[in-house]
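Asks: Have a peek at work-v5.txt (compact mmCIF, C-alpha atoms).
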```txt
# COMPACT_ATOMS: atom_id res chain seq x y z
CA MET B 43 95.34 47.24 36.78
CA ASN B 44 91.87 46.24 35.92
CA ASP B 45 90.80 42.98 34.39
CA ALA B 46 90.84 44.43 30.89
CA ASP B 47 94.56 45.15 31.27
CA GLN B 48 95.45 41.61 32.27
CA PRO B 49 97.44 39.72 29.63
CA HIS B 50 95.46 36.96 27.88
CA ALA B 51 96.76 33.44 28.53
CA GLU B 52 97.61 31.50 25.39
CA PRO B 53 95.79 28.16 25.08
CA SER B 54 97.95 25.29 26.22
CA HIS B 55 99.02 22.74 23.59
CA THR B 56 100.11 20.28 26.27
CA ALA B 57 96.80 19.90 28.08
CA GLN B 58 96.16 16.50 29.66
CA PRO B 59 93.93 14.28 27.49
CA GLN B 60 90.44 13.70 28.75
CA ALA B 61 89.57 10.13 29.73
CA GLU B 62 87.46 8.42 27.05
CA PRO B 63 84.06 7.12 28.13
CA PRO B 64 84.10 3.38 28.66
CA HIS B 65 82.99 1.34 25.64
CA ALA B 66 80.07 -0.99 25.99
CA GLU B 67 81.15 -4.60 25.79
CA GLN B 68 80.82 -5.95 22.25
CA PRO B 69 77.90 -8.34 21.93
CA ARG B 70 78.56 -12.04 21.61
CA VAL B 71 77.14 -13.75 18.56
CA GLY B 72 77.19 -17.52 18.18
CA THR B 73 75.79 -20.11 15.82
CA VAL B 74 74.72 -23.23 17.71
CA GLY B 75 74.11 -26.63 16.14
CA VAL B 76 71.64 -28.69 18.16
CA VAL B 77 72.29 -32.43 17.83
CA GLY B 78 70.69 -35.44 19.50
CA ARG B 79 68.90 -38.69 18.92
CA PRO B 80 65.22 -38.62 17.85
CA SER B 81 62.58 -37.28 20.25
CA THR B 82 64.97 -35.63 22.71
CA GLY B 83 63.03 -32.37 22.33
CA LYS B 84 65.45 -30.38 20.15
CA SER B 85 62.68 -28.53 18.33
CA SER B 86 60.73 -27.87 21.54
CA LEU B 87 63.82 -26.46 23.24
CA ILE B 88 64.60 -24.12 20.33
CA ASN B 89 61.00 -22.93 20.28
CA ARG B 90 61.20 -22.29 24.04
CA ILE B 91 64.45 -20.32 23.73
CA CYS B 92 63.29 -18.24 20.76
CA GLY B 93 59.85 -17.57 22.23
CA HIS B 94 58.20 -18.46 18.92
CA LYS B 95 57.40 -21.58 16.94
CA VAL B 96 60.45 -22.13 14.78
CA SER B 97 60.39 -25.91 14.37
CA ILE B 98 57.36 -28.15 14.09
CA VAL B 99 56.87 -30.61 16.95
CA SER B 100 55.48 -34.13 16.77
CA PRO B 101 55.77 -37.37 18.75
CA VAL B 102 56.85 -39.00 15.47
CA PRO B 103 60.64 -39.57 15.54
CA GLN B 104 62.69 -37.61 13.00
CA THR B 105 59.99 -35.06 12.35
CA THR B 106 62.77 -32.56 11.56
CA ARG B 107 64.21 -33.35 8.12
CA SER B 108 66.30 -30.29 7.32
CA ARG B 109 68.17 -27.61 9.20
CA VAL B 110 65.90 -25.02 10.75
CA ARG B 111 67.25 -21.74 12.05
CA GLY B 112 65.92 -20.12 15.20
CA ILE B 113 67.21 -16.74 16.34
CA VAL B 114 67.17 -15.17 19.79
CA THR B 115 68.52 -11.68 20.49
CA LEU B 116 69.27 -10.58 24.04
CA GLU B 117 71.02 -7.61 25.60
CA ALA B 118 74.28 -9.57 25.73
CA GLY B 119 74.16 -10.71 22.10
CA GLN B 120 72.55 -13.10 19.65
CA LEU B 121 72.33 -16.87 19.25
CA ILE B 122 71.39 -18.57 15.99
CA PHE B 123 70.24 -22.15 16.54
CA LEU B 124 70.27 -24.80 13.82
CA ASP B 125 67.82 -27.58 14.56
CA THR B 126 68.82 -30.90 13.00
CA PRO B 127 67.21 -34.31 12.36
CA GLY B 128 67.53 -36.85 15.14
CA LEU B 129 70.36 -39.38 14.79
CA HIS B 130 68.60 -42.69 14.26
CA ALA B 131 70.35 -46.07 14.01
CA SER B 132 69.05 -47.19 10.62
CA GLU B 133 70.57 -47.95 7.21
CA ARG B 134 67.53 -46.78 5.24
CA LYS B 135 68.42 -44.14 2.67
CA LEU B 136 66.25 -41.42 4.22
CA ASN B 137 67.78 -42.03 7.65
CA LEU B 138 71.31 -41.94 6.23
CA VAL B 139 70.56 -38.62 4.53
CA LEU B 140 69.16 -37.19 7.77
CA LYS B 141 72.26 -38.37 9.65
CA THR B 142 74.45 -36.52 7.14
CA VAL B 143 72.34 -33.39 7.58
CA ALA B 144 72.65 -33.59 11.36
CA LEU B 145 76.39 -34.17 11.62
CA SER B 146 77.47 -31.85 8.80
CA VAL B 147 76.12 -28.93 10.83
CA ALA B 148 79.42 -29.07 12.77
CA ASP B 149 81.17 -27.59 9.73
CA GLU B 150 79.32 -24.28 9.99
CA VAL B 151 78.66 -23.45 13.64
CA ASP B 152 80.61 -21.97 16.55
CA LEU B 153 79.20 -24.31 19.21
CA LEU B 154 77.44 -27.64 19.44
CA LEU B 155 74.61 -28.25 21.89
CA LEU B 156 74.29 -31.99 22.46
CA LEU B 157 70.81 -32.74 23.72
CA PHE B 158 69.92 -35.90 25.63
CA ASP B 159 66.64 -37.21 27.00
CA ALA B 160 66.87 -37.31 30.78
CA SER B 161 63.90 -39.68 31.00
CA ARG B 162 65.55 -42.47 28.98
CA PRO B 163 68.69 -44.55 29.63
CA PHE B 164 71.82 -43.58 27.74
CA GLY B 165 71.81 -45.69 24.56
CA ALA B 166 73.62 -46.48 21.33
CA GLU B 167 72.16 -43.47 19.53
CA ASP B 168 73.45 -41.19 22.31
CA ASP B 169 76.89 -42.78 21.89
CA ALA B 170 76.60 -42.01 18.17
CA VAL B 171 75.98 -38.33 19.01
CA LEU B 172 79.16 -38.21 21.10
CA ALA B 173 81.24 -40.13 18.56
CA GLY B 174 79.95 -38.13 15.60
CA THR B 175 80.82 -34.79 17.19
CA ARG B 176 84.11 -35.79 18.85
CA ARG B 177 86.30 -34.03 16.28
CA PHE B 178 84.42 -30.73 16.55
CA ALA B 179 86.97 -28.00 17.27
CA GLY B 180 84.67 -25.63 19.16
CA PRO B 181 82.90 -25.96 22.51
CA ARG B 182 80.48 -28.86 23.01
CA VAL B 183 77.83 -28.19 25.62
CA ALA B 184 75.56 -30.98 26.87
CA ALA B 185 71.99 -30.53 28.08
CA CYS B 186 69.60 -33.13 29.45
CA ASN B 187 66.00 -32.31 28.58
CA LYS B 188 62.73 -33.47 30.20
CA VAL B 189 64.01 -33.19 33.77
CA ASP B 190 60.40 -32.41 34.74
CA LEU B 191 59.53 -36.08 34.19
CA THR B 192 59.69 -38.52 37.10
CA ALA B 193 61.67 -41.01 35.01
CA ALA B 194 64.50 -38.48 34.72
CA ARG B 195 65.62 -38.90 38.31
CA GLY B 196 67.32 -42.27 38.07
CA ALA B 197 69.91 -42.07 35.29
CA ALA B 198 71.53 -38.67 35.88
CA LYS B 199 74.77 -39.93 37.50
CA GLU B 200 75.38 -42.60 34.87
CA ARG B 201 74.71 -40.14 32.05
CA GLU B 202 77.04 -37.49 33.46
CA SER B 203 79.75 -40.14 33.93
CA ARG B 204 79.40 -41.19 30.28
CA LEU B 205 79.61 -37.57 29.18
CA ARG B 206 82.73 -36.90 31.25
CA ARG B 207 84.42 -39.93 29.70
CA ALA B 208 83.60 -38.37 26.32
CA GLY B 209 85.35 -35.15 27.32
CA ILE B 210 82.28 -33.12 28.28
CA GLU B 211 82.56 -31.73 31.79
CA GLU B 212 79.53 -29.46 31.86
CA THR B 213 75.94 -30.68 31.69
CA HIS B 214 72.81 -28.54 32.00
CA ALA B 215 69.51 -29.93 33.26
CA VAL B 216 66.61 -28.32 31.38
CA SER B 217 62.94 -28.69 30.60
CA ALA B 218 61.70 -27.39 27.27
CA LEU B 219 58.16 -27.87 28.61
CA THR B 220 58.45 -25.76 31.78
CA GLY B 221 61.49 -23.63 30.93
CA ALA B 222 63.45 -24.86 33.95
CA GLY B 223 67.19 -24.39 33.49
CA VAL B 224 66.81 -22.81 30.04
CA PRO B 225 67.93 -19.24 30.97
CA ASP B 226 71.14 -20.57 32.53
CA LEU B 227 71.83 -22.66 29.43
CA VAL B 228 71.32 -19.64 27.14
CA THR B 229 73.60 -17.50 29.32
CA ARG B 230 76.32 -20.15 29.09
CA LEU B 231 75.99 -20.49 25.32
CA LEU B 232 76.32 -16.73 24.93
CA ALA B 233 79.38 -16.66 27.19
CA LEU B 234 81.04 -19.28 24.97
CA SER B 235 80.19 -17.42 21.75
CA PRO B 236 82.70 -15.14 20.01
CA PRO B 237 82.25 -11.35 20.05
CA GLY B 238 80.85 -9.86 16.88
CA ASP B 239 78.13 -7.86 15.19
CA LEU B 240 74.53 -9.06 15.18
CA LEU B 241 73.77 -11.19 12.13
CA TYR B 242 70.00 -10.60 12.15
CA PRO B 243 67.65 -7.76 13.17
CA ASP B 244 66.66 -8.02 16.82
CA ASP B 245 62.97 -8.68 16.00
CA MET B 246 63.70 -11.66 13.74
CA TYR B 247 63.27 -15.16 15.17
CA THR B 248 63.77 -17.28 12.03
CA ASP B 249 65.05 -16.91 8.47
CA GLN B 250 62.81 -19.58 6.98
CA THR B 251 61.17 -18.84 3.64
CA PRO B 252 57.35 -18.60 3.48
CA ASP B 253 57.22 -21.75 1.33
CA PHE B 254 59.19 -23.71 3.90
CA ARG B 255 57.05 -22.51 6.79
CA VAL B 256 53.85 -23.44 4.98
CA ALA B 257 55.14 -26.93 4.08
CA GLU B 258 56.28 -27.60 7.65
CA ILE B 259 53.02 -26.47 9.26
CA VAL B 260 50.93 -28.60 6.89
CA ARG B 261 53.25 -31.57 7.48
CA GLU B 262 52.95 -31.17 11.26
CA HIS B 263 49.15 -31.26 11.14
CA ALA B 264 49.21 -34.17 8.71
CA PHE B 265 51.45 -36.05 11.14
CA GLY B 266 48.88 -35.43 13.86
CA ARG B 267 46.13 -37.09 11.81
CA VAL B 268 47.80 -40.29 10.62
CA THR B 269 49.38 -43.30 12.29
CA ALA B 270 51.93 -46.08 11.91
CA GLU B 271 54.34 -45.75 8.98
CA VAL B 272 52.37 -43.08 7.11
CA PRO B 273 54.09 -40.00 8.66
CA HIS B 274 57.48 -41.18 7.41
CA ALA B 275 55.97 -41.82 3.98
CA LEU B 276 54.68 -38.29 3.41
CA TYR B 277 56.18 -34.94 2.55
CA VAL B 278 54.62 -31.62 1.58
CA ASP B 279 55.36 -29.51 -1.47
CA VAL B 280 54.12 -25.93 -1.92
CA VAL B 281 53.11 -25.62 -5.56
CA ASP B 282 52.16 -21.95 -5.54
CA LEU B 283 52.11 -19.13 -3.01
CA GLU B 284 50.64 -15.76 -3.98
CA GLN B 285 50.33 -12.70 -1.78
CA ARG B 286 47.23 -10.63 -2.41
CA PRO B 287 45.96 -7.63 -0.42
CA GLY B 288 45.23 -8.94 3.06
CA ALA B 289 45.44 -12.59 2.05
CA LEU B 290 47.82 -15.40 1.16
CA TRP B 291 46.70 -17.91 -1.48
CA ILE B 292 48.45 -21.27 -1.26
CA ARG B 293 48.34 -24.47 -3.29
CA ALA B 294 50.12 -27.39 -1.65
CA THR B 295 50.40 -31.13 -2.17
CA ILE B 296 50.80 -33.85 0.44
CA TRP B 297 52.78 -36.63 -1.25
CA VAL B 298 52.60 -40.24 -0.06
CA GLU B 299 54.20 -43.44 -1.36
CA ARG B 300 51.21 -45.75 -1.93
CA PRO B 301 47.61 -45.31 -3.11
CA SER B 302 46.33 -46.88 0.12
CA GLN B 303 47.95 -44.04 2.08
CA VAL B 304 45.91 -41.45 0.18
CA GLY B 305 42.75 -42.74 1.82
CA ILE B 306 44.36 -42.66 5.25
CA VAL B 307 45.31 -39.00 4.87
CA VAL B 308 42.06 -37.92 3.19
CA GLY B 309 39.89 -39.78 5.71
CA ARG B 310 36.33 -41.00 5.38
CA GLY B 311 34.31 -38.48 3.42
CA GLY B 312 37.30 -36.15 3.29
CA THR B 313 37.23 -35.50 7.05
CA GLY B 314 40.97 -36.04 7.48
CA ILE B 315 42.15 -33.63 4.80
CA ALA B 316 39.53 -31.10 5.92
CA ALA B 317 40.88 -31.22 9.48
CA ILE B 318 44.46 -30.81 8.25
CA ARG B 319 43.39 -27.82 6.15
CA ARG B 320 41.50 -26.14 9.01
CA ALA B 321 44.31 -26.57 11.54
CA SER B 322 46.98 -25.46 9.06
CA THR B 323 44.95 -22.44 7.93
CA ALA B 324 44.43 -21.24 11.50
CA GLU B 325 48.10 -21.52 12.42
CA LEU B 326 49.36 -19.97 9.18
CA ALA B 327 46.97 -17.03 9.63
CA ASP B 328 48.52 -16.43 13.04
CA ILE B 329 52.07 -16.67 11.66
CA PHE B 330 51.56 -14.45 8.61
CA GLY B 331 48.96 -12.10 10.06
CA ARG B 332 46.54 -12.35 7.14
CA ARG B 333 43.75 -14.50 5.75
CA ILE B 334 44.84 -17.84 4.35
CA HIS B 335 43.29 -19.60 1.37
CA LEU B 336 44.73 -23.12 1.31
CA ASP B 337 44.11 -25.55 -1.56
CA LEU B 338 45.40 -28.91 -0.32
CA ARG B 339 45.66 -32.12 -2.37
CA VAL B 340 47.03 -35.63 -1.69
CA LYS B 341 48.98 -37.46 -4.41
CA VAL B 342 51.18 -40.54 -4.81
CA ARG B 343 54.89 -40.52 -5.56
CA LYS B 344 56.12 -44.10 -5.31
CA LYS B 345 59.35 -44.84 -3.44
CA TRP B 346 60.18 -41.17 -2.98
CA ARG B 347 62.34 -42.01 0.03
CA ARG B 348 64.76 -43.72 -2.37
CA ASP B 349 64.90 -40.79 -4.78
CA ASP B 350 68.35 -39.20 -4.35
CA ALA B 351 67.43 -35.98 -6.16
CA LEU B 352 64.29 -35.45 -4.10
CA LEU B 353 66.06 -36.26 -0.81
CA GLN B 354 68.74 -33.71 -1.69
CA GLN B 355 66.02 -31.14 -2.40
CA LEU B 356 64.27 -31.82 0.92
CA ARG B 357 67.61 -31.70 2.72
CA SER B 358 68.59 -28.28 1.41
CA ARG B 359 65.32 -26.38 1.32
CA GLY B 360 64.29 -23.81 3.90
```
Could you spell out this file's structure in structure tokens?
Replies:
Amino acid sequence: MNDADQPHAEPSHTAQPQAEPPHAEQPRVGTVGVVGRPSTGKSSLINRICGHKVSIVSPVPQTTRSRVRGIVTLEAGQLIFLDTPGLHASERKLNLVLKTVALSVADEVDLLLLLFDASRPFGAEDDAVLAGTRRFAGPRVAACNKVDLTAARGAAKERESRLRRAGIEETHAVSALTGAGVPDLVTRLLALSPPGDLLYPDDMYTDQTPDFRVAEIVREHAFGRVTAEVPHALYVDVVDLEQRPGALWIRATIWVERPSQVGIVVGRGGTGIAAIRRASTAELADIFGRRIHLDLRVKVRKKWRRDDALLQQLRSRG
């Protein structure tokens, strides 16, 4: 009997199922509220993690006045950071509003990153950070920034003891300046994040509006040109922003509280406002990738820091 005469075997309906290829682990996606007292380096740390300038940076305490989102996407998942104003012990209306902004972030994030300054002794404002976040239901992770500074070496044991008494067992030593310890912190935050789908495209590092970015950059450079109480007495409002082929045309106003502060910002012969315009224009051109035409004015709005409607507007924009 040749092969052609062989009976054909019927296909089996009880064949063993083939093993399915292993599924890739679902990415972890977490929203992280960053909370700390003023000048701990929250904005600098977020900028370091995201690899881009998300938050403006200044030696002036409470430079951050609203929540700023920074986004970092890695192979293991995505973290969305919410920068918040520093918690400052003051009963002034602006400071109370900023405190509300900072602590209310706990209502909308998966994790809290409590940031402390390793170069300064643990103080009342640090205690306020711990007390204000004690009821948070998710993970609280502590990080001590500025470990690159010599002054950071003395207070580590006391700080960690205070944190343990507050129920925080894990503390990360980091430097936003050098990047030391930052990758390990990011890895830990991702590990604590829930699995889920990415919330933003992987090439996006912030969701700030163009108006907000312009106002923040101008405010940063204005802060760098003035002294004493003036930084706290100014805010920036973008009046008009128009995109034209290859260029961005912007009209913005720097508002201050008193006529005497106008002269401080403008400078002798207009040198101050000219310097703010030049520095802002250069940085905005780099951010937006086009020519910038910036019309910048300084005006007075008396007692704006007591204006509830304006403070609410500043709190929620961005």
Asks: Nearest residue to Phe158 in chain B out of B:Pro80, B:Pro69, B:Gly223, B:Gly238, using only C-alpha atoms?
Replies: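 So, comparing all the options, the nearest one is B:Pro80.
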Asks: From the list B:Gly309, B:Gly75, B:Gly83, B:Gly93, which residue is nearest Thr248 in chain B when using only C-alpha atoms?
Replies: B:Gly93
Asks: With a distance cut-off of 8 Å and only C-alpha atoms, select the neighbouring residues of range 290-304 of chain B, excluding the residue or stretch itself and same-chain residues fewer than 5 positions from it, and output the selection as a list in words.
Replies: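 The contact residues come out as Ala257, Arg261, Val272, Ala275, Leu276, Tyr277, Val278, Asp279, Val280, Val281, Asp282, Leu283, Glu284, Gln285, Arg332, Arg333, Ile334, His335, Leu336, Asp337, Leu338, Arg339, Val340, Lys341, Val342, Arg343, Lys344, Lys345 and Trp346 of chain B.
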Asks: What gap, in Å, lies between CA of Leu116 in chain B and CA of Leu87 in chain B?
Replies: 16.8 Å
Asks: Measuring between only C-alpha atoms, which one of B:Ile88, B:Leu157, B:Val260, B:Leu326 shows the shortest distance to Ala184 in chain B?
Replies: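 So, comparing all the options, the nearest one is B:Leu157.
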Asks: My list of candidates is B:Leu241, B:Leu172, B:Val189, B:Leu227. Which is closest to Gly209 in chain B when distances are computed with all atoms listed in the file?
Replies: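 Using all atoms listed in the file, Gly209 in chain B sits closest to B:Leu172.
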Asks: Counting all atoms listed in the file, select every polymer residue within 9 Å of (68.3, -10.2, 21.1) as defined in the file's coordinates, and provide the selection as a list of chain:residue names.
Replies: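 The residues near that point, listed by chain and number, are B:Ile113, B:Val114, B:Thr115, B:Leu116, B:Glu117, B:Ala118, B:Gly119, B:Gln120, B:Leu121, B:Leu240, B:Pro243, B:Asp244, B:Asp245, B:Met246.
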Asks: Ranking B:Arg310, B:Lys199, B:Arg348, B:His94 by minimum distance to Thr213 in chain B and counting only C-alpha atoms, which one comes first?
Replies: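 Among the listed residues, the smallest separation from Thr213 in chain B belongs to B:Lys199.
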Asks: One decimal, Å: what's the distance from CA of Ala148 in chain B over to CA of Gly112 in chain B, could you say?
Replies: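 Result for CA of Ala148 in chain B versus CA of Gly112 in chain B: 16.4 Å, one decimal.
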Asks: Nearest to Val147 in chain B among B:Thr126, B:Gln355, B:Ser86, B:Thr251, with distances taken over all atoms listed in the file: which residue is it?
Replies: B:Thr126
Asks: Go ahead and compute the interatomic distance for CA of Gln68 in chain B and CA of Pro237 in chain B, in Å to one decimal.
Replies: 6.0 Å
Asks: As lines of an AutoDock Vina configuration file, please: the centre and edge lengths in Å, to one decimal, of an axis-aligned box enclosing every listed atom of range 210-223 of chain B with 4 Å added on each side.
Replies:
```
center_x = 70.4
center_y = -28.4
center_z = 30.6
size_x = 32.4
size_y = 17.5
size_z = 14.7
```
